[in-house]
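Data block for query.txt (compact mmCIF, C-alpha atoms):
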```
# COMPACT_ATOMS: atom_id res chain seq x y z
CA MET A 1 0.00 0.00 0.00
CA LYS A 2 1.40 3.34 -1.01
CA ARG A 3 1.41 6.00 1.62
CA LEU A 4 1.50 9.42 0.07
CA GLN A 5 2.83 12.12 2.35
CA PRO A 6 0.63 15.22 2.00
CA TRP A 7 3.62 17.53 1.61
CA VAL A 8 5.01 15.40 -1.22
CA ALA A 9 1.68 15.67 -3.05
CA MET A 10 1.77 19.45 -2.53
CA LEU A 11 5.29 19.65 -3.97
CA VAL A 12 4.20 17.70 -7.05
CA VAL A 13 1.17 19.95 -7.52
CA LEU A 14 3.35 23.03 -7.05
CA ALA A 15 5.81 21.75 -9.67
CA GLY A 16 2.98 20.87 -12.07
CA GLY A 17 1.43 24.30 -11.55
CA MET A 18 4.80 25.97 -12.19
CA LEU A 19 5.26 24.13 -15.50
CA PHE A 20 1.72 25.17 -16.41
CA GLY A 21 2.34 28.81 -15.45
CA TYR A 22 5.73 28.94 -17.19
CA GLY A 23 4.10 27.54 -20.33
CA LEU A 24 1.28 30.08 -20.22
CA ALA A 25 3.80 32.92 -19.86
CA LEU A 26 6.24 31.62 -22.51
CA SER A 27 3.41 31.18 -25.00
CA THR A 28 2.20 34.75 -24.21
CA MET A 29 -1.27 33.42 -23.38
CA ILE A 30 -1.14 35.62 -20.28
CA SER A 31 -1.51 38.58 -22.61
CA PRO A 32 -5.21 39.23 -23.43
CA GLU A 33 -4.11 41.01 -26.61
CA VAL A 34 -2.62 37.77 -27.98
CA VAL A 35 -5.74 35.77 -27.14
CA LEU A 36 -7.97 38.43 -28.72
CA GLY A 37 -5.62 38.40 -31.73
CA PHE A 38 -6.42 34.72 -32.13
CA LEU A 39 -10.15 35.20 -31.68
CA THR A 40 -10.20 37.95 -34.33
CA GLY A 41 -8.17 35.84 -36.76
CA ASN A 42 -4.88 37.74 -36.71
CA ASP A 43 -2.59 35.17 -35.09
CA TYR A 44 -3.22 31.45 -34.87
CA GLY A 45 -0.68 30.82 -32.11
CA LEU A 46 -3.34 29.67 -29.66
CA THR A 47 -4.03 26.60 -31.80
CA LEU A 48 -0.39 25.53 -31.32
CA VAL A 49 -0.57 26.09 -27.57
CA MET A 50 -3.78 24.07 -27.26
CA GLY A 51 -2.52 21.49 -29.74
CA GLY A 52 0.79 21.00 -27.94
CA ALA A 53 -0.84 20.79 -24.52
CA VAL A 54 -3.57 18.38 -25.68
CA ALA A 55 -1.08 16.17 -27.55
CA ILE A 56 1.10 15.53 -24.50
CA THR A 57 -1.85 15.19 -22.13
CA LEU A 58 -3.71 12.89 -24.54
CA VAL A 59 -0.80 10.43 -24.63
CA CYS A 60 -0.49 10.56 -20.85
CA TYR A 61 -4.22 10.24 -20.04
CA GLN A 62 -4.75 7.42 -22.53
CA LEU A 63 -1.62 5.35 -21.91
CA ALA A 64 -0.87 5.73 -18.19
CA PRO A 65 -4.07 3.98 -16.96
CA ARG A 66 -3.43 1.15 -19.45
CA TRP A 67 0.18 0.61 -18.51
CA MET A 68 0.00 1.26 -14.79
CA ASP A 69 -2.38 -0.01 -12.11
CA SER A 70 -2.15 3.24 -10.21
CA PRO A 71 -0.32 6.57 -10.35
CA VAL A 72 3.31 6.51 -9.26
CA MET A 73 2.62 7.99 -5.83
CA ASP A 74 -1.08 7.63 -5.18
CA LYS A 75 -3.85 5.02 -5.19
CA GLN A 76 -5.96 5.72 -8.23
CA PHE A 77 -6.33 7.68 -11.44
CA MET A 78 -9.15 10.23 -11.33
CA LEU A 79 -11.71 10.10 -14.10
CA ARG A 80 -13.01 13.25 -15.64
CA GLU A 81 -16.76 12.87 -15.56
CA ALA A 82 -18.67 15.08 -17.91
CA LYS A 83 -22.18 14.93 -19.15
CA LEU A 84 -23.71 16.85 -21.95
CA ASP A 85 -26.67 18.71 -20.55
CA ARG A 86 -28.31 22.11 -20.59
CA ASP A 87 -25.83 23.53 -18.06
CA THR A 88 -22.81 22.47 -20.13
CA VAL A 89 -24.20 24.17 -23.22
CA LEU A 90 -25.47 27.30 -21.48
CA GLY A 91 -22.28 27.62 -19.40
CA SER A 92 -20.11 27.30 -22.49
CA VAL A 93 -22.05 30.06 -24.24
CA ILE A 94 -21.65 32.37 -21.22
CA PHE A 95 -17.96 31.46 -20.92
CA GLY A 96 -17.45 32.20 -24.62
CA LEU A 97 -19.13 35.60 -24.29
CA GLY A 98 -16.84 36.54 -21.42
CA TRP A 99 -13.68 35.14 -23.00
CA GLY A 100 -14.39 36.91 -26.28
CA LEU A 101 -15.07 40.16 -24.45
CA CYS A 102 -11.88 40.29 -22.37
CA GLY A 103 -9.46 37.69 -23.76
CA VAL A 104 -8.80 36.24 -20.30
CA CYS A 105 -9.59 32.74 -19.05
CA PRO A 106 -8.97 31.31 -15.57
CA GLY A 107 -5.39 29.98 -15.98
CA PRO A 108 -3.88 33.10 -17.57
CA ALA A 109 -5.73 35.33 -15.09
CA ILE A 110 -3.87 33.62 -12.25
CA ALA A 111 -0.52 33.22 -14.03
CA GLY A 112 -0.56 36.83 -15.29
CA LEU A 113 -0.05 38.02 -11.72
CA GLY A 114 3.31 36.24 -11.64
CA ALA A 115 4.51 38.29 -14.60
CA GLY A 116 3.51 41.42 -12.74
CA ASN A 117 0.29 42.06 -14.64
CA MET A 118 -1.77 43.65 -11.90
CA ASP A 119 -4.57 44.46 -14.36
CA MET A 120 -5.44 40.78 -13.99
CA LEU A 121 -6.78 41.56 -10.52
CA TRP A 122 -9.83 43.02 -12.29
CA ALA A 123 -10.37 39.80 -14.20
CA LEU A 124 -9.73 37.68 -11.10
CA THR A 125 -12.26 39.73 -9.13
CA GLY A 126 -14.78 39.12 -11.90
CA ILE A 127 -14.06 35.38 -12.09
CA PHE A 128 -14.34 34.95 -8.30
CA ALA A 129 -17.60 36.90 -8.33
CA GLY A 130 -18.92 34.81 -11.22
CA ALA A 131 -17.98 31.56 -9.48
CA TYR A 132 -19.75 32.79 -6.34
CA LEU A 133 -22.91 33.76 -8.22
CA GLN A 134 -22.97 30.34 -9.89
CA GLY A 135 -22.68 28.58 -6.52
CA TRP A 136 -25.27 30.86 -4.93
CA TRP A 137 -27.70 30.25 -7.77
CA ALA A 138 -27.15 26.47 -7.75
CA ASN A 139 -27.70 26.53 -4.01
CA ARG A 140 -30.96 28.46 -4.33
CA LYS A 141 -32.22 26.11 -7.01
CA SER A 142 -31.48 23.01 -4.97
CA ALA A 143 -33.08 24.51 -1.84
CA ALA A 144 -36.28 25.41 -3.69
CA MET B 1 3.60 31.21 -41.98
CA GLN B 2 3.97 34.95 -41.61
CA THR B 3 0.25 35.37 -42.26
CA PHE B 4 -0.87 32.88 -39.64
CA PHE B 5 1.90 33.45 -37.11
CA PRO B 6 3.12 37.05 -37.33
CA HIS B 7 4.95 36.66 -34.01
CA GLY B 8 6.59 33.32 -34.85
CA TRP B 9 5.39 29.91 -33.74
CA GLY B 10 8.13 28.24 -31.66
CA HIS B 11 7.22 29.82 -28.34
CA TYR B 12 3.56 28.88 -28.80
CA LEU B 13 4.37 25.22 -29.33
CA ALA B 14 7.00 25.13 -26.57
CA GLY B 15 4.60 26.79 -24.13
CA GLY B 16 1.83 24.36 -25.03
CA LEU B 17 4.14 21.38 -24.51
CA LEU B 18 5.14 22.72 -21.08
CA ILE B 19 1.49 23.16 -20.10
CA GLY B 20 0.85 19.59 -21.19
CA ALA B 21 3.89 18.42 -19.22
CA GLY B 22 2.57 20.09 -16.05
CA VAL B 23 -0.91 18.58 -16.44
CA SER B 24 0.62 15.17 -17.23
CA LEU B 25 2.97 15.27 -14.25
CA MET B 26 0.07 15.67 -11.84
CA PHE B 27 -1.74 12.76 -13.51
CA LEU B 28 1.22 10.40 -13.73
CA LEU B 29 2.35 10.89 -10.15
CA LEU B 30 -0.93 11.62 -8.35
CA GLY B 31 -3.68 10.60 -10.76
CA ARG B 32 -5.18 14.08 -10.56
CA ILE B 33 -7.01 15.82 -13.36
CA VAL B 34 -6.52 19.53 -12.98
CA GLY B 35 -8.61 22.22 -14.59
CA MET B 36 -8.16 25.74 -13.33
CA SER B 37 -11.72 27.00 -12.97
CA THR B 38 -12.67 24.72 -10.07
CA PHE B 39 -10.07 26.58 -8.00
CA PHE B 40 -12.36 29.62 -7.98
CA SER B 41 -15.21 27.65 -6.37
CA SER B 42 -13.09 25.50 -4.06
CA SER B 43 -11.47 28.66 -2.65
CA TRP B 44 -14.90 30.10 -1.78
CA SER B 45 -15.31 27.14 0.59
CA TYR B 46 -12.78 28.81 2.90
CA VAL B 47 -15.06 31.80 3.48
CA SER B 48 -18.62 30.91 2.43
CA ARG B 49 -20.93 28.75 4.53
CA LEU B 50 -23.23 28.08 1.56
CA PRO B 51 -23.83 24.31 1.31
CA TYR B 52 -22.89 24.45 -2.39
CA PHE B 53 -19.34 25.51 -1.54
CA GLN B 54 -19.11 23.09 1.39
CA GLN B 55 -19.49 20.02 -0.85
CA ALA B 56 -16.82 17.40 -0.23
CA PRO B 57 -15.33 17.51 -3.77
CA LEU B 58 -14.58 21.21 -3.29
CA VAL B 59 -13.51 21.17 0.37
CA GLN B 60 -11.31 18.10 0.01
CA THR B 61 -9.40 19.51 -2.96
CA ARG B 62 -9.26 23.18 -1.99
CA LEU B 63 -5.77 23.11 -0.51
CA TRP B 64 -3.98 21.48 -3.42
CA ARG B 65 -5.96 23.56 -5.90
CA LEU B 66 -4.73 26.64 -4.07
CA VAL B 67 -1.15 25.30 -4.15
CA CYS B 68 -1.52 24.66 -7.88
CA ALA B 69 -2.68 28.26 -8.42
CA ILE B 70 0.35 29.48 -6.45
CA GLY B 71 2.48 27.29 -8.74
CA LEU B 72 0.95 29.05 -11.76
CA VAL B 73 1.95 32.43 -10.34
CA LEU B 74 5.46 31.21 -9.46
CA GLY B 75 5.94 29.58 -12.87
CA ALA B 76 5.01 32.76 -14.71
CA GLY B 77 7.21 34.66 -12.24
CA LEU B 78 10.12 32.36 -13.08
CA TRP B 79 9.60 33.04 -16.79
CA TRP B 80 9.57 36.77 -16.11
CA TRP B 81 12.74 36.52 -14.05
CA LEU B 82 14.62 34.31 -16.55
CA SER B 83 13.60 35.66 -19.91
CA GLY B 84 10.77 38.11 -19.67
CA PRO B 85 10.76 41.79 -20.38
CA GLU B 86 12.03 44.17 -17.75
CA GLN B 87 8.74 45.92 -17.28
CA ALA B 88 5.79 44.24 -15.66
CA GLN B 89 3.16 43.03 -18.10
CA HIS B 90 0.06 45.10 -18.49
CA THR B 91 -2.90 45.08 -20.78
CA LEU B 92 -4.70 47.68 -22.84
CA VAL B 93 -8.01 45.92 -22.25
CA SER B 94 -9.99 48.21 -19.94
CA PRO B 95 -10.72 47.30 -16.31
CA ALA B 96 -14.46 47.33 -17.05
CA ARG B 97 -14.04 44.75 -19.81
CA LEU B 98 -11.80 42.59 -17.62
CA LEU B 99 -14.29 42.75 -14.78
CA VAL B 100 -17.44 42.05 -16.82
CA GLY B 101 -15.67 39.50 -19.01
CA GLY B 102 -14.23 37.83 -15.92
CA LEU B 103 -17.68 37.64 -14.33
CA LEU B 104 -19.09 35.83 -17.36
CA VAL B 105 -16.00 33.60 -17.58
CA GLY B 106 -16.30 32.59 -13.91
CA TYR B 107 -20.04 31.97 -14.05
CA GLY B 108 -19.95 30.16 -17.37
CA ALA B 109 -16.94 27.97 -16.62
CA ARG B 110 -18.43 26.80 -13.34
CA LEU B 111 -21.87 26.21 -14.83
CA SER B 112 -20.46 24.14 -17.68
CA ASN B 113 -17.96 22.50 -15.33
CA GLY B 114 -14.83 23.48 -17.22
CA CYS B 115 -12.87 26.17 -19.00
CA THR B 116 -10.09 26.27 -21.58
CA SER B 117 -7.97 23.99 -19.41
CA GLY B 118 -10.73 21.78 -17.96
CA HIS B 119 -12.71 21.12 -21.14
CA GLY B 120 -10.01 22.22 -23.58
CA ILE B 121 -6.97 20.33 -22.35
CA CYS B 122 -8.15 17.73 -19.80
CA GLY B 123 -11.51 17.07 -21.49
CA LEU B 124 -10.16 16.67 -25.01
CA ALA B 125 -7.28 14.54 -23.74
CA SER B 126 -9.88 12.34 -22.00
CA LEU B 127 -11.63 11.99 -25.38
CA SER B 128 -14.77 13.29 -23.71
CA ARG B 129 -17.57 14.13 -26.13
CA PRO B 130 -19.30 16.63 -23.81
CA SER B 131 -15.98 18.50 -23.53
CA LEU B 132 -15.55 18.55 -27.30
CA VAL B 133 -19.01 20.07 -27.64
CA ALA B 134 -18.23 22.59 -24.89
CA VAL B 135 -14.96 23.61 -26.60
CA LEU B 136 -16.64 24.02 -29.99
CA ILE B 137 -19.40 26.15 -28.43
CA PHE B 138 -17.18 28.46 -26.40
CA MET B 139 -14.67 28.87 -29.23
CA ALA B 140 -17.41 29.80 -31.70
CA VAL B 141 -19.12 32.19 -29.27
CA ALA B 142 -15.80 33.80 -28.26
CA ILE B 143 -14.71 34.26 -31.88
CA VAL B 144 -18.00 35.95 -32.77
CA THR B 145 -17.99 38.07 -29.60
CA ALA B 146 -14.41 39.26 -30.06
CA ARG B 147 -15.05 40.17 -33.71
CA VAL B 148 -18.29 41.99 -32.97
CA PHE B 149 -16.56 43.91 -30.20
CA ALA B 150 -13.57 44.77 -32.42
CA PHE B 151 -16.00 45.95 -35.13
CA ILE B 152 -17.96 48.14 -32.73
CA SER B 153 -14.83 49.65 -31.19
CA GLY B 154 -13.32 50.36 -34.60
CA GLY B 155 -10.64 47.67 -34.65
CA ALA B 156 -8.93 48.64 -31.40
CA VAL B 157 -8.08 45.80 -29.02
```
Starting from the coordinates I provided, produce the structure as structure tokens.
Amino acid sequence: MKRLQPWVAMLVVLAGGMLFGYGLALSTMISPEVVLGFLTGNDYGLTLVMGGAVAITLVCYQLAPRWMDSPVMDKQFMLREAKLDRDTVLGSVIFGLGWGLCGVCPGPAIAGLGAGNMDMLWALTGIFAGAYLQGWWANRKSAA
Amino acid sequence: MQTFFPHGWGHYLAGGLLIGAGVSLMFLLLGRIVGMSTFFSSSWSYVSRLPYFQQAPLVQTRLWRLVCAIGLVLGAGLWWWLSGPEQAQHTLVSPARLLVGGLLVGYGARLSNGCTSGHGICGLASLSRPSLVAVLIFMAVAIVTARVFAFISGGAV
């Protein structure tokens, strides 16, 4: 039985997050102008960022559970459960409206701070508020 | 190439591969699937008593999701320190747009249970059909929105 020390897990997550953040900064995705440049058809760089990230992750997600009984340090591989329902569609439309309006999505909003982009605090405030409203609304619906 | 990638293409691909490496590392070693938008809800569990935010899947993962977000900041900070420009990054997109856009991004990502990293990277890499549909929808809506906005504002960012 593997016994994962919590601090070891935290170090791994920190390292994974750092690779993620470094990649977002290197690929200039932390700059809303670059993202908006993609959305308006002036620079297709974002397709390479997504493509590169998906390619590596695809190989890992598909092969690791076939080749290994469990992750190297922990007990089991998580499964990403997703269902296609009204919320998925409606949420994606709302997300697209916001992303197209400001050129910022959750990862770059957080990583941008590390490159000293304090304007991202506006976006982060908005995202936190949006996440709260969604939880508040879901809560109200389930209580009713 | 110049038409599609006026700023070159190498750094885009390299950055994407690094993002994939980070996501893969957390899966290979810990079995964790990490999208960034859940962090915004799991962090509310620290301060909000609402039952929605006190659900086990949010409370039990809130600490490592916070650590991952700190990693994102540190990673971008490392890039800035090693190779970035001397000045801090800033954006010409107005605070109002960032705030309103962010609000929609936060609400929408949480309602649809994923964002560009959750549906886009983790979902597609899981060969999940709902995520593929989500990505196609938010890409199409964002492309139309950005173009309409650029048209209205006379081509400015």
Selection near Leu72 of chain B, 12 Å with all atoms listed in the file, sequence-local residues under 2 positions removed, as an MDAnalysis selection string: (chainID A and resid 13:25 30 106:115) or (chainID B and resid 19 22:23 36 39 65:70 74:79)
Identify, on the basis of all atoms listed in the file, every residue whose closest approach to Gly91 of chain A does not exceed 6 Å; exclude the query and any residue fewer than 2 positions from it along the same chain; express the result as a PDB file with C-alpha atoms, in the coordinates of the input.
```pdb
ATOM      1  CA  ASP A  87     -25.830  23.530 -18.060  1.00  0.00           C
ATOM      2  CA  THR A  88     -22.810  22.470 -20.130  1.00  0.00           C
ATOM      3  CA  VAL A  89     -24.200  24.170 -23.220  1.00  0.00           C
ATOM      4  CA  VAL A  93     -22.050  30.060 -24.240  1.00  0.00           C
ATOM      5  CA  ILE A  94     -21.650  32.370 -21.220  1.00  0.00           C
ATOM      6  CA  PHE A  95     -17.960  31.460 -20.920  1.00  0.00           C
TER       7      PHE A  95
ATOM      8  CA  GLY B 108     -19.950  30.160 -17.370  1.00  0.00           C
ATOM      9  CA  LEU B 111     -21.870  26.210 -14.830  1.00  0.00           C
ATOM     10  CA  SER B 112     -20.460  24.140 -17.680  1.00  0.00           C
TER      11      SER B 112
END
```
Find the residue from B:Gly154, B:Gly84, B:Gly35, B:Gly71 that sits nearest to chain A; use all atoms listed in the file when measuring. B:Gly71
Determine, counting all atoms listed in the file, every residue of protein, DNA or RNA that lies within 10 Å of (-12.6, 30.4, -5.4) in the file coordinates, then give the result as a PyMOL selection string. (chain A and resi 124+127-132) or (chain B and resi 37-48+53+58+62+65-66+106)
Centre and edges of the segment 5-13 of chain B box, axis-aligned, 4 Å extra per side, as AutoDock Vina command-line options:
```
--center_x 5.0 --center_y 31.1 --center_z -32.8 --size_x 14.2 --size_y 19.8 --size_z 17.0
```
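Here the question is which of A:Cys105, A:Val49, A:Val12, A:Leu36 gets nearest to Val144 of chain B using all atoms listed in the file, and that residue is A:Leu36.
Remark: for Ala123 of chain A, the closest of the candidate residues B:Gln2, B:Ser153, B:Ser94, B:Asn113 is B:Ser94 (distances computed over only C-alpha atoms).
Among the candidates A:Trp99, A:Phe77, A:Trp7, A:Tyr44, the one nearest to Gly8 of chain B when counting all atoms listed in the file is A:Tyr44.
For the residues A:Ala53, A:Leu26, A:Phe38, A:Asp119, ranking by smallest atom-to-atom distance to Leu82 of chain B using only C-alpha atoms places A:Leu26 first.
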